Amino acid sequence: MRKRWMTSGLTGVLLLLVALTFLPGHSQAQGEAVPPATIEAAGAETEMTAPVAEAAPAEEAAPAPPTIDSGDTAWLLTSSALVLAMTVPGLALFYGGMVRRKNVLSTMMYSFIALCLISIQWVLWGYSLAFGPDVSKIIGNLSYIGLSGVGQEPFGTVPHLAFMVFQLVFAVITLALITGAFAERMKFSAYIVVGLLWSTFVYDPLAHWVWGGGWLMSLGALDFAGGTVVHISSGVSALVCAVVLGKRIGHGKEHMPPHNLPLVLIGAGLLWFGWFGFNAGSALAANGLAASAFVATNTAAAAAALAWMFTEWAYRGKPTLLGAASGAVAGLVAITPAAGFVGPVSSILIGIGAGVFCYFAVFLKGKLGYDDSLDVFAVHGIGGTWGAIATGLFANPAVNPAGKGLFFGNPGQLVTQIIAVGATWVLAIVGTYIILKVVDAIVGLRATEEAERTGLDLSQHNESGYVL
């Protein structure tokens, strides 16, 4: 009876939301929104739409040279700091609390070293590969190697360096997200090599395809803040890692609960907080579109947390804090590609979908038999896939003229989104598998059985998270 009541309630809410979404005149926006900055194929500047003048002058005036806007710059730098906090301490605490006590430090170390490693890789060659002048719609050239030519000059309305560092923190957290799949069993030395290769040969090309002037950008794929580039790539790569490394010793026979749920909740809260920089910052300006993305982000996260909680309650009899926190993250993942294209009601629908779909993806993990330690694929791979497809459904030109989805008269956008999702899956699967096999042949991927039983904190770092 309880399951039937909850299911009926959720169905009623969904029908009401769908009706609200498509009521005549329901624009889901307050005022006219400005589309996000777009990157020219050369990767050298951004362009924003401007209001149309009431009367055209007799002769076209020469375009004004780009100038730096202090408000936009302040917002982008603040957003960069917020996204950095998502990795350390946010993700470090979220993942660290979910593993067993003997692996808390090694798991947190993955996130911290991702920040250090990619900060150097991005400066030396990563940014140039992702956002340098285009080569055959596949990759950027090495014009920006060592940040050559990337300085204080305007890049749209912000300094080029500000845009560079904003993209840097995206690359950092994408690598860190993958680590939840192989937590408690990958050697630290192998992680460093895998991380460097993966960022160079998977993340950087994908970022160029979608944001840097590559073929998916030319195709018209919509990804406001990283549904394909960050979440599908990390989630699908995480699944490959889990399968290649195999299960943890004792998996399926020993109980392996999270050792510290308060850390998980603190981490989830910091992720939610930092995600406002992740999504609203992707407007690249302190404007109405940033505010719209901010609201969409918060709304989807709340809807997904509730959807996961009620779904778990219906199927398992009790709601859990771990489930609600995981649901919130799933909602944040799903709204990421759509944040700058949809209004609040569509955000609720996207969040509900994320909470339900990602919950069942976790539920099915045991049936399929793979050991994704911290459910990276279920939350980021499935959540990111749903979010990218949902963008093709709900993108509303009243929110952002740059996007128009199926439900607003453009079925072709849904097709484009599916192509982008498929391309991301293929690149992540093939690229990650090759990298793992190469590194395994050279240095080995997995810790020894003795090291794994002892715990990676002691065996890899000679430290302990708790002295009791």
# chains A, B, ... in the order shown; residues from 1 in each chain; ligands from 1
>>> residues_around(residues="region 432-439 of chain A", least_positions_apart="3", cutoff="12 Å", atoms="only C-alpha atoms", output="PyMOL selection string")
chain A and resi 175+178+182+186-187+189-203+233-245+424-429+442-446
>>> write_last_selection(atoms="C-alpha atoms", output="PDB file, in the first residue's frame")
ATOM      1  CA  LEU A 175      39.769  13.356 -13.018  1.00  0.00           C
ATOM      2  CA  ILE A 178      36.764   8.857 -11.600  1.00  0.00           C
ATOM      3  CA  PHE A 182      38.711   2.257  -8.068  1.00  0.00           C
ATOM      4  CA  MET A 186      44.514   1.053  -7.200  1.00  0.00           C
ATOM      5  CA  LYS A 187      48.195   1.715  -6.550  1.00  0.00           C
ATOM      6  CA  SER A 189      51.824   5.351  -8.524  1.00  0.00           C
ATOM      7  CA  ALA A 190      49.523   3.909 -11.188  1.00  0.00           C
ATOM      8  CA  TYR A 191      46.919   6.580 -10.439  1.00  0.00           C
ATOM      9  CA  ILE A 192      49.361   9.385 -11.188  1.00  0.00           C
ATOM     10  CA  VAL A 193      50.264   7.921 -14.592  1.00  0.00           C
ATOM     11  CA  VAL A 194      46.661   7.049 -15.479  1.00  0.00           C
ATOM     12  CA  GLY A 195      45.477  10.497 -14.419  1.00  0.00           C
ATOM     13  CA  LEU A 196      48.031  12.315 -16.536  1.00  0.00           C
ATOM     14  CA  LEU A 197      47.359  10.193 -19.621  1.00  0.00           C
ATOM     15  CA  TRP A 198      43.591  10.253 -19.240  1.00  0.00           C
ATOM     16  CA  SER A 199      43.424  14.027 -18.922  1.00  0.00           C
ATOM     17  CA  THR A 200      45.639  14.447 -21.989  1.00  0.00           C
ATOM     18  CA  PHE A 201      44.078  11.883 -24.317  1.00  0.00           C
ATOM     19  CA  VAL A 202      40.441  11.775 -23.198  1.00  0.00           C
ATOM     20  CA  TYR A 203      39.458  14.957 -21.383  1.00  0.00           C
ATOM     21  CA  SER A 233      33.366  11.128 -19.534  1.00  0.00           C
ATOM     22  CA  SER A 234      34.190  10.537 -15.866  1.00  0.00           C
ATOM     23  CA  GLY A 235      31.267   8.204 -15.181  1.00  0.00           C
ATOM     24  CA  VAL A 236      31.822   5.950 -18.188  1.00  0.00           C
ATOM     25  CA  SER A 237      35.589   5.935 -17.633  1.00  0.00           C
ATOM     26  CA  ALA A 238      34.911   4.977 -14.018  1.00  0.00           C
ATOM     27  CA  LEU A 239      32.924   1.952 -15.183  1.00  0.00           C
ATOM     28  CA  VAL A 240      35.821   0.857 -17.386  1.00  0.00           C
ATOM     29  CA  CYS A 241      38.202   1.224 -14.431  1.00  0.00           C
ATOM     30  CA  ALA A 242      35.949  -0.845 -12.180  1.00  0.00           C
ATOM     31  CA  VAL A 243      35.711  -3.647 -14.729  1.00  0.00           C
ATOM     32  CA  VAL A 244      39.414  -3.707 -15.650  1.00  0.00           C
ATOM     33  CA  LEU A 245      40.661  -3.633 -12.043  1.00  0.00           C
ATOM     34  CA  THR A 424      31.474  10.739 -25.464  1.00  0.00           C
ATOM     35  CA  TRP A 425      30.742   7.160 -24.431  1.00  0.00           C
ATOM     36  CA  VAL A 426      32.907   5.788 -27.235  1.00  0.00           C
ATOM     37  CA  LEU A 427      35.859   8.081 -26.514  1.00  0.00           C
ATOM     38  CA  ALA A 428      35.683   7.378 -22.778  1.00  0.00           C
ATOM     39  CA  ILE A 429      35.443   3.600 -23.171  1.00  0.00           C
ATOM     40  CA  ILE A 442      54.325  -0.852 -17.403  1.00  0.00           C
ATOM     41  CA  VAL A 443      53.833  -0.321 -13.655  1.00  0.00           C
ATOM     42  CA  GLY A 444      50.804  -2.436 -12.720  1.00  0.00           C
ATOM     43  CA  LEU A 445      47.432  -1.050 -11.685  1.00  0.00           C
ATOM     44  CA  ARG A 446      46.351  -2.866  -8.579  1.00  0.00           C
TER      45      ARG A 446
END
>>> residues_around(residues="region 295-298 of chain A", least_positions_apart="4", cutoff="10 Å", atoms="only C-alpha atoms", output="VMD selection string")
chain A and resid 272 to 273 275 to 276 278 to 280 289 to 291 302 to 303 328 331 to 336 338 to 348 350 to 351
>>> write_last_selection(atoms="N, CA and C atoms", output="compact mmCIF listing (two decimals), in the first residue's frame")
# COMPACT_ATOMS: atom_id res chain seq x y z
N TRP A 272 27.36 20.83 -3.40
CA TRP A 272 26.19 21.63 -3.77
C TRP A 272 26.56 23.12 -3.79
N PHE A 273 27.26 23.57 -2.78
CA PHE A 273 27.69 24.97 -2.69
C PHE A 273 28.59 25.34 -3.87
N TRP A 275 28.84 23.91 -6.71
CA TRP A 275 28.21 23.69 -8.02
C TRP A 275 27.60 24.98 -8.58
N PHE A 276 27.30 25.94 -7.73
CA PHE A 276 26.79 27.22 -8.24
C PHE A 276 27.85 27.92 -9.09
N PHE A 278 30.18 26.19 -10.67
CA PHE A 278 30.29 25.27 -11.80
C PHE A 278 29.30 25.64 -12.90
N ASN A 279 28.03 25.80 -12.52
CA ASN A 279 26.97 26.02 -13.51
C ASN A 279 26.72 27.50 -13.79
N ALA A 280 26.48 28.29 -12.75
CA ALA A 280 26.22 29.71 -12.98
C ALA A 280 27.45 30.41 -13.51
N LEU A 289 21.59 35.34 -17.20
CA LEU A 289 21.75 33.92 -17.50
C LEU A 289 22.42 33.19 -16.35
N ALA A 290 23.38 33.83 -15.71
CA ALA A 290 24.02 33.24 -14.53
C ALA A 290 23.00 33.03 -13.42
N ALA A 291 22.13 34.01 -13.23
CA ALA A 291 21.09 33.87 -12.20
C ALA A 291 20.13 32.74 -12.54
N ALA A 302 17.52 19.76 -5.39
CA ALA A 302 16.51 19.50 -4.36
C ALA A 302 15.50 18.45 -4.85
N ALA A 303 15.07 18.57 -6.10
CA ALA A 303 14.11 17.62 -6.65
C ALA A 303 14.68 16.21 -6.70
N ALA A 328 20.99 14.24 -4.31
CA ALA A 328 21.30 15.65 -4.57
C ALA A 328 22.43 15.77 -5.58
N GLY A 331 21.21 14.99 -9.03
CA GLY A 331 20.50 16.12 -9.61
C GLY A 331 21.42 17.21 -10.11
N LEU A 332 22.48 17.47 -9.35
CA LEU A 332 23.46 18.46 -9.77
C LEU A 332 24.15 18.02 -11.07
N VAL A 333 24.44 16.74 -11.16
CA VAL A 333 25.04 16.20 -12.38
C VAL A 333 24.11 16.39 -13.57
N ALA A 334 22.86 16.00 -13.41
CA ALA A 334 21.91 16.01 -14.53
C ALA A 334 21.60 17.41 -15.03
N ILE A 335 21.56 18.39 -14.12
CA ILE A 335 21.21 19.75 -14.55
C ILE A 335 22.40 20.47 -15.16
N THR A 336 23.59 19.95 -15.00
CA THR A 336 24.79 20.65 -15.47
C THR A 336 24.74 21.00 -16.97
N ALA A 338 22.19 21.35 -18.83
CA ALA A 338 20.96 22.07 -19.14
C ALA A 338 20.81 23.38 -18.39
N ALA A 339 21.67 23.66 -17.43
CA ALA A 339 21.45 24.75 -16.47
C ALA A 339 21.19 26.09 -17.15
N GLY A 340 21.87 26.37 -18.23
CA GLY A 340 21.72 27.65 -18.90
C GLY A 340 20.71 27.63 -20.03
N PHE A 341 19.93 26.55 -20.12
CA PHE A 341 18.96 26.43 -21.22
C PHE A 341 17.53 26.17 -20.75
N VAL A 342 17.33 25.87 -19.47
CA VAL A 342 16.00 25.49 -19.01
C VAL A 342 15.57 26.35 -17.83
N GLY A 343 14.24 26.43 -17.64
CA GLY A 343 13.68 27.16 -16.53
C GLY A 343 13.45 26.28 -15.32
N PRO A 344 12.87 26.83 -14.25
CA PRO A 344 12.76 26.09 -12.99
C PRO A 344 11.86 24.87 -13.05
N VAL A 345 10.75 24.92 -13.78
CA VAL A 345 9.86 23.75 -13.83
C VAL A 345 10.54 22.59 -14.57
N SER A 346 11.18 22.89 -15.68
CA SER A 346 11.93 21.84 -16.37
C SER A 346 13.05 21.31 -15.48
N SER A 347 13.64 22.16 -14.65
CA SER A 347 14.69 21.72 -13.73
C SER A 347 14.16 20.69 -12.75
N ILE A 348 12.92 20.87 -12.30
CA ILE A 348 12.32 19.89 -11.39
C ILE A 348 12.17 18.54 -12.09
N ILE A 350 13.90 17.40 -14.62
CA ILE A 350 15.24 16.82 -14.81
C ILE A 350 15.75 16.24 -13.50
N GLY A 351 15.52 16.94 -12.40
CA GLY A 351 15.95 16.45 -11.09
C GLY A 351 15.24 15.17 -10.68
>>> closest_residue(among="A:Ala447, A:Ala221, A:Ala181, A:Leu206", to="Ala402 (chain A)", atoms="only C-alpha atoms")
A:Ala221
>>> atom_distance(atom1="CA of Gln417 (chain A)", atom2="CA of Val329 (chain A)")
21.9 Å
>>> residues_around(residues="Ala85 (chain A)", least_positions_apart="5", cutoff="8 Å", atoms="only C-alpha atoms", output="PDB file with N, CA and C atoms, in the first residue's frame")
ATOM      1  N   GLY A  90      35.391  19.369  -0.964  1.00  0.00           N
ATOM      2  CA  GLY A  90      34.093  18.763  -1.175  1.00  0.00           C
ATOM      3  C   GLY A  90      34.122  17.293  -1.548  1.00  0.00           C
ATOM      4  N   LEU A 270      29.219  20.727   0.467  1.00  0.00           N
ATOM      5  CA  LEU A 270      30.236  21.541  -0.203  1.00  0.00           C
ATOM      6  C   LEU A 270      30.156  21.389  -1.723  1.00  0.00           C
ATOM      7  N   LEU A 271      29.821  20.198  -2.190  1.00  0.00           N
ATOM      8  CA  LEU A 271      29.631  20.007  -3.624  1.00  0.00           C
ATOM      9  C   LEU A 271      28.462  20.864  -4.121  1.00  0.00           C
ATOM     10  N   GLY A 274      29.585  24.526  -4.143  1.00  0.00           N
ATOM     11  CA  GLY A 274      30.520  24.830  -5.226  1.00  0.00           C
ATOM     12  C   GLY A 274      29.909  24.722  -6.599  1.00  0.00           C
TER      13      GLY A 274
END
>>> atom_distance(atom1="CA of Phe166 (chain A)", atom2="CA of Phe112 (chain A)")
17.5 Å
>>> atom_distance(atom1="CA of Ile352 (chain A)", atom2="CA of Gly381 (chain A)")
16.4 Å
>>> residues_around(residues="Thr157 (chain A)", least_positions_apart="4", cutoff="7 Å", atoms="only C-alpha atoms", output="MDAnalysis selection string")
chainID A and resid 66:69 72
>>> select_by_dssp(residues="region 100-186 of chain A", states="helix (DSSP H, G or I)", output="number ranges by chain")
A: 101-131, 145-147, 160-182
>>> closest_residue(among="A:Thr174, A:Gly288, A:Ile139, A:Gly323", to="Ala305 (chain A)", atoms="only C-alpha atoms")
A:Gly323
>>> select_by_dssp(residues="region 77-206 of chain A", states="strand (DSSP E)", output="list in words")
Asp134, Val135, Ile139, Gly140, Pro154, Phe155, Val158 and Pro159 of chain A
